[in-house]
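Everything below concerns the one structure shown next.
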Amino acid sequence: MMDMDDFTLKLTNELRVSPLYNELKSKAKELVCRTSGDVSQLKMNIHEGLAKSGWKRSLQNEVYGRLLQRVDAASQNGVHIKEPLAYIRRAQASWEKRILKSLNSMCTEMSVPLARKRPIPEQEEIRSNWNELGVDEPDLSLFRPVYGPKDFLDMLTLLKNPNLALEQLCNFWGLLQLPFPVKSLQQLRQEFCAMTPRWSQVGVDGGSHTDIFDAERVGLGQKVMAADNIALCQQYSRRGIPPSLRMQLWLQNFGLRITDSDRLRYEQLKMHIFKHDLLVDKLIYKDVKLTATNDDQYFVFEDFIHQVLLLFSRDTEVLTHFTHSSATPPKSYIRGMLGVSDYAVIYPPNGIIPFHGFSMYVAPLCFVFEDPVTLYYFFREIYTRHFFRLHTISSHPQGIVSLSVLFESLLQACQPQLFYHLRQMGAQPSCGGHLCL
């Protein structure tokens with residue numbers, strides 16, 4: 001296990017290459033230039049100046065956020081940090097080969113390249129229509145999703161622990177016959193005690209006391225926002241965040257600050273979209289049209305989803321999450337160099353091949369963030385922390401496999417008659433639960 005000195009050194013080195021480090025240095029230089037008097041007091045004056053200007057709190061939030069994301073490698077090393085179970089690693093590798101085969105088959109059948117440079121007129125057209133991407137309707141009838149939720153569920157049902165005897169498998173009544181440790185209802189009640197019905201929850205409770213409760217929550221939320229403390233913000237969020245504060249407090253929860261360099265990077269990603277057309281662009285476009293198209297009465301954010309997912313597909317920063325994911329980014333080869341590792345490139349650049357329903361990860365966030373730049377960076381952050389686990393095969397407690405096993409376990413424990421009835425009807429409970437996730 002990594003001792004505290006090693007961990008502190010590792011964290012310090014990470015902070016030195018973060019954008020916050022350069023911002024702190026710049027602010028410290030300003031304080032030095034404005035400081036006059038005893039040089040021996042310079043260090044203390046800089047500390048006080050950073051604290052008064054809010055930079056000390058920003059540093060604390062950055063450290064706290066990194067501590068929360070820390071991967072505990074107590075008894076793990078190398079590839080085992082990604083996934084400790086060998087049969088799960090094999091299943092994920094097999095699934096990735098199946099996805100690549102589907103994508104390559106589509107390219108071969110339709111004679112469509114994985115990527116091409118757009119002609120100048122096409123570049124100008126997409127540039128001028130950037131805010132109306134949903135209006136254009138090219139013929140994509142021949143394109144098909146590489147896979148859908150049902151295909152993924154079928155793959156999960158094939159998972160079997162090779163160390164279990166046949167008679168042990170008879171103990172599993174659900175669709176997923178895996179001995180993953182999951183929490184009981186009582187354990188979940190203890191973990192999520194802040195959500196008890198005895199306490200009012202934002203957006204859930206009604207009645208005459210609602211206006212007073214909402215006003216109290218808004219007032220408290222404004223104080224939390226002013227404190228700019230991630231730990232305090234996360235504690236406050238457990239009972240819900242009022243809609244008027246949701247955007248600011250979600251950003252604070254994730255320690256996300258949109259800087260000028262972020263906005264510059266956003267524009268650079270847009271230029272990549274204007275210059276090059278990827279096959280996954282068509283998969284994204286078709287998925288948005290099938291799942292999240294505009295509806296004047298309900299959903300008017302189709303263009304936002306197009307923009308976010310096109311940018312996301314080109315963002316190589318997303319690749320960092322593969323260090324703690326059971327998945328491996330897919331690779332392609334430059335034409336004529338198949339199998340030559342020196343000519344292998346990750347495709348798409350972010351390492352994520354979109355599937356049917358992928359756009360639904362973005363859709364709910366459109367109701368919260370009105371600025372497309374903020375929307376993009378928040379989606380990237382929440383995807384690389386949480387969403388990627390919903391479409392990769394792993395034994396992680398937050399992964400889709402463990403969540404599905406937990407769902408079946410809770411349903412069997414709380415509603416055994418319903419569970420048995422659904423099985424008798426041929427409607428496996430996990431099918432509905434999995435498709436919802």
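Labeling convention for the structure tokens: chains A, B, ... as they appear, residues from 1 per chain, ligands from 1 in order of appearance.
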
Hey, what's within 7 Å of Asp303 in chain A if we count only C-alpha atoms and toss same-chain stuff fewer than 3 positions away? As a list in words, please? Asn131, Glu132, Leu133, Gly134, His306 and Gln307 of chain A

So that I can check the surroundings of Val345 in chain A, please list as a list in words every protein, DNA and RNA residue that reaches within 10 Å of it, counting only C-alpha atoms and ignoring chain neighbours fewer than 5 positions away. Pro329, Pro330, Lys331, Ser332, Tyr333, Ile334 and Gly351 of chain A

Of A:Cys193, A:Val182, A:Ile353, A:Met360, the one nearest to Ala327 in chain A when counting only C-alpha atoms is A:Ile353

Per DSSP on the backbone, what are the helix (DSSP H, G or I) residues of range 233-397 of chain A, as a ChimeraX atom specification? /A:233-237,243-253,260-275,279-291,302-314,316-324,341-343,358-361,363-367,372-385,387-391

Could you please take those selected residues and save C-alpha atoms as a tab-separated table (two decimals), in the first residue's frame?
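The resulting file, result-v9.tsv, is reproduced below:
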chain	number	residue	atom	x	y	z
A	233	CYS	CA	-21.40	21.20	-1.29
A	234	GLN	CA	-21.58	17.42	-1.53
A	235	GLN	CA	-23.09	17.18	1.95
A	236	TYR	CA	-25.72	19.80	1.03
A	237	SER	CA	-26.55	18.04	-2.26
A	243	PRO	CA	-33.30	24.11	-9.83
A	244	SER	CA	-32.13	27.73	-9.60
A	245	LEU	CA	-28.81	26.66	-8.03
A	246	ARG	CA	-28.35	23.36	-9.80
A	247	MET	CA	-25.89	24.48	-12.47
A	248	GLN	CA	-23.52	26.30	-10.09
A	249	LEU	CA	-23.58	23.61	-7.40
A	250	TRP	CA	-23.14	20.73	-9.85
A	251	LEU	CA	-20.02	22.45	-11.15
A	252	GLN	CA	-18.84	23.02	-7.58
A	253	ASN	CA	-19.53	19.36	-6.68
A	260	ASP	CA	-10.00	30.76	-20.85
A	261	SER	CA	-7.74	27.86	-21.87
A	262	ASP	CA	-10.77	25.54	-21.72
A	263	ARG	CA	-12.67	27.82	-24.06
A	264	LEU	CA	-9.68	27.95	-26.39
A	265	ARG	CA	-9.51	24.14	-26.37
A	266	TYR	CA	-13.24	24.07	-27.16
A	267	GLU	CA	-12.65	26.19	-30.26
A	268	GLN	CA	-9.75	23.96	-31.32
A	269	LEU	CA	-11.97	20.90	-31.13
A	270	LYS	CA	-14.53	22.70	-33.29
A	271	MET	CA	-11.83	23.27	-35.92
A	272	HIS	CA	-11.09	19.52	-35.94
A	273	ILE	CA	-14.78	18.89	-36.66
A	274	PHE	CA	-14.84	21.44	-39.48
A	275	LYS	CA	-11.74	19.97	-41.14
A	279	LEU	CA	-17.53	7.66	-39.63
A	280	VAL	CA	-18.63	7.95	-35.99
A	281	ASP	CA	-20.10	11.38	-36.84
A	282	LYS	CA	-22.80	9.59	-38.82
A	283	LEU	CA	-23.41	7.13	-35.98
A	284	ILE	CA	-23.80	10.07	-33.60
A	285	TYR	CA	-26.16	11.89	-35.95
A	286	LYS	CA	-28.35	8.84	-36.44
A	287	ASP	CA	-28.46	8.07	-32.73
A	288	VAL	CA	-29.55	11.61	-31.88
A	289	LYS	CA	-32.31	11.40	-34.51
A	290	LEU	CA	-33.50	8.06	-33.15
A	291	THR	CA	-33.44	8.91	-29.45
A	302	GLU	CA	-30.98	18.47	-30.31
A	303	ASP	CA	-28.32	20.87	-31.63
A	304	PHE	CA	-26.58	20.92	-28.24
A	305	ILE	CA	-26.32	17.12	-28.23
A	306	HIS	CA	-24.87	17.10	-31.75
A	307	GLN	CA	-22.26	19.67	-30.76
A	308	VAL	CA	-21.28	17.97	-27.49
A	309	LEU	CA	-20.90	14.50	-28.97
A	310	LEU	CA	-18.98	15.66	-32.05
A	311	LEU	CA	-16.56	17.57	-29.81
A	312	PHE	CA	-16.37	14.61	-27.43
A	313	SER	CA	-15.37	12.23	-30.21
A	314	ARG	CA	-12.27	14.35	-30.99
A	316	THR	CA	-8.05	13.10	-26.57
A	317	GLU	CA	-8.31	14.18	-22.91
A	318	VAL	CA	-11.03	11.53	-22.57
A	319	LEU	CA	-8.36	8.85	-23.03
A	320	THR	CA	-7.10	9.46	-19.48
A	321	HIS	CA	-10.05	7.54	-18.03
A	322	PHE	CA	-8.79	4.30	-19.58
A	323	THR	CA	-6.18	4.10	-16.80
A	324	HIS	CA	-8.97	3.04	-14.42
A	341	SER	CA	2.17	-1.04	-34.56
A	342	ASP	CA	4.06	2.14	-35.51
A	343	TYR	CA	1.18	3.09	-37.80
A	358	PHE	CA	-25.28	7.09	-26.25
A	359	SER	CA	-26.84	10.53	-26.81
A	360	MET	CA	-29.13	9.96	-23.82
A	361	TYR	CA	-26.13	10.49	-21.54
A	363	ALA	CA	-29.82	14.83	-23.00
A	364	PRO	CA	-30.69	15.37	-19.28
A	365	LEU	CA	-27.77	17.76	-18.81
A	366	CYS	CA	-29.17	20.08	-21.49
A	367	PHE	CA	-31.94	21.10	-19.07
A	372	PRO	CA	-22.63	24.93	-24.61
A	373	VAL	CA	-19.01	25.21	-23.41
A	374	THR	CA	-19.97	24.55	-19.79
A	375	LEU	CA	-22.31	21.76	-20.90
A	376	TYR	CA	-19.51	20.09	-22.83
A	377	TYR	CA	-16.93	20.16	-20.04
A	378	PHE	CA	-19.42	18.99	-17.42
A	379	PHE	CA	-20.47	16.08	-19.64
A	380	ARG	CA	-16.83	15.14	-20.22
A	381	GLU	CA	-16.17	15.23	-16.48
A	382	ILE	CA	-19.19	13.17	-15.45
A	383	TYR	CA	-18.56	10.67	-18.26
A	384	THR	CA	-14.91	10.07	-17.35
A	385	ARG	CA	-15.84	9.69	-13.67
A	387	PHE	CA	-20.89	7.17	-17.16
A	388	PHE	CA	-18.18	5.05	-18.79
A	389	ARG	CA	-18.89	2.31	-16.23
A	390	LEU	CA	-22.40	1.89	-17.65
A	391	HIS	CA	-21.18	0.39	-20.94

Have a look at CA of Lys223 in chain A and CA of Gln201 in chain A and let me know their distance in Å, one decimal.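 These atoms are spaced 18.4 Å apart.
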